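A.B. asks: Dropping the structure in here first, questions after.
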Amino acid sequence: MFSILLPTDFSENSMNAITYALEFFKYQKAQFYFMHAYQNEFYDHEDLTSREVFEDVLNTIRTTSQANLEKLLEEVKSIAPNPRFTYHTISSYSTLVEEANLIAEARNIDLIVMGTKGKSDERHIVFGSHTFQVLKYVQCPVLAIPSNYTNTQPKHILFPTNYLIPYKRRELKLLSELAKSYRSVIDVLYISKSDKLSIRQEDNQAFIKNTLKDNQVNFYHEDSKKIAETIKNYIKDNNIDMLTMVNTQHSFLEDMLFPSTIDKVSLGLEIPLLAMQNSARS
């Protein structure tokens with residue numbers, strides 16, 4: 001059984017990610033946790049003008065959060081009356097990152113599914129600030145869904161790697177299970193000016209091969225130094241439906257996203273991103 005965390009700010013983008021997850025896992029047994037963390041929303045509230053109204057404003061936001069979650073749950077049950085699914089709601093006076101980490105640990109979450117953007121939906125950015133924080137700081141795999149994206153059957157998955165990371169079996173097993181659901185082909189792409197691998201890289205490649213042995217996997221090499229441009233072109237030229245990357249030090253994902261400001265991310269993603277966190281959780 002999968003355990004899926006679905007953070008929401010009750011925007012159209014978050015609802016699109018929720019709908020995507022319900023459709024993607026419709027043939028699986030799954031527990032869904034719908035979570036609204038409202039601490040930042042509370043401190044930014046226009047009625048919080050003094051310490052005297054602190055509790056009143058907090059109670060209002062807490063009540064609204066719980067009511068919106070109940071309304072969301074009713075909508076979810078109407079669009080996905082699936083006997084394989086179990087639903088839970090969590091309303092928390094906390095930050096998104098703090099609460100997501102707590103739930104991931106306490107509930108042994110396999111995957112967080114959320115929109116690439118929230119309420120702001122600014123066109124010139126790839127990832128909204130909340131999604132960016134979750135990708136960077138939450139110790140759990142994240143599946144980020146672009147606005148209005150609806151293709152829930154990824155037939156072709158791209159997995160770029162430099163083979164320098166000692167991958168966690170749990171993370172690769174998640175990729176394997178997600179790919180098996182739709183008999184997806186996984187292209188493992190090594191981008192380097194040299195096609196020769198070190199012993200470390202050979203061992204990490206062998207680990208990937210062994211862990212993904214139940215999947216259809218192709219191993220390719222691209223002779224290039226331009227990582228982001230090469231990935232972008234590969235996605236376009238090969239009709240890729242999902243991009244998988246590992247978020248850790250010295251990874252492609254870190255190189256492309258984290259040294260940049262949010263609104264200058266070079267990879268203009270229009271497909272879902274599965275960001276595996278190389279988590280140490282068992």
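Ligands are numbered from 1 in the order shown, chains are lettered A, B, ... in the order of the structure tokens, and residues start at 1 in each chain.
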Tell me which protein, DNA and RNA residues are within 12 Å of Lys77 in chain A, counting only C-alpha atoms, leaving out same-chain ones fewer than 6 positions away, and put them as a VMD selection string.

C.D. replies: chain A and resid 18 to 19 22 32 70 to 71 83 to 88

A.B. asks: Could you produce a table of the residues of range 17-136 of chain A lying within 9 Å of range 171-180 of chain A, with the nearest pair of atoms per residue and their separation in Å rounded to one decimal, using only C-alpha atoms, ordered by chain and increasing residue number, as a Markdown table?

C.D. replies:
```
| residue | atom | partner | partner_atom | distance |
| --- | --- | --- | --- | --- |
| A:Phe25 | CA | A:Leu178 | CA | 8.9 |
| A:Asp110 | CA | A:Leu174 | CA | 7.6 |
| A:Leu111 | CA | A:Leu174 | CA | 8.5 |
```

A.B. asks: Given the choices A:Leu69, A:Val217, A:Ile240, A:Ile109, which gets closest to Met1 in chain A if the distance is worked out from only C-alpha atoms?

C.D. replies: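 Smallest distance to Met1 in chain A is found for A:Ile109.
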
A.B. asks: Ranking A:Lys136, A:His130, A:His36, A:Lys236 by minimum distance to Ser92 in chain A and counting only C-alpha atoms, which one comes first?

C.D. replies: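 With only C-alpha atoms as the atom set, the closest residue is A:His36.
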
A.B. asks: Residues of range 31-114 of chain A classed as strand (DSSP E or B) by DSSP on the backbone are to be reported as a ChimeraX atom specification.

C.D. replies: /A:31-37,85-92,111-114

A.B. asks: Could you write those residues out with C-alpha atoms, as a compact mmCIF listing (two decimals), in the first residue's frame?

C.D. replies:
```txt
# COMPACT_ATOMS: atom_id res chain seq x y z
CA GLN A 31 -3.71 6.05 1.87
CA PHE A 32 -4.02 9.75 1.06
CA TYR A 33 -3.23 12.44 3.62
CA PHE A 34 -4.64 15.85 2.68
CA MET A 35 -2.69 18.44 4.66
CA HIS A 36 -3.12 22.18 5.14
CA ALA A 37 -0.39 23.97 7.13
CA PHE A 85 -8.37 4.38 -1.17
CA THR A 86 -8.33 5.56 2.44
CA TYR A 87 -8.51 9.29 3.15
CA HIS A 88 -7.20 11.39 6.06
CA THR A 89 -7.15 15.15 6.66
CA ILE A 90 -4.57 17.12 8.65
CA SER A 91 -4.97 20.78 9.60
CA SER A 92 -1.88 22.17 11.31
CA LEU A 111 5.54 10.18 -1.84
CA ILE A 112 4.44 13.81 -1.64
CA VAL A 113 2.36 14.97 -4.61
CA MET A 114 1.85 18.70 -5.12
```
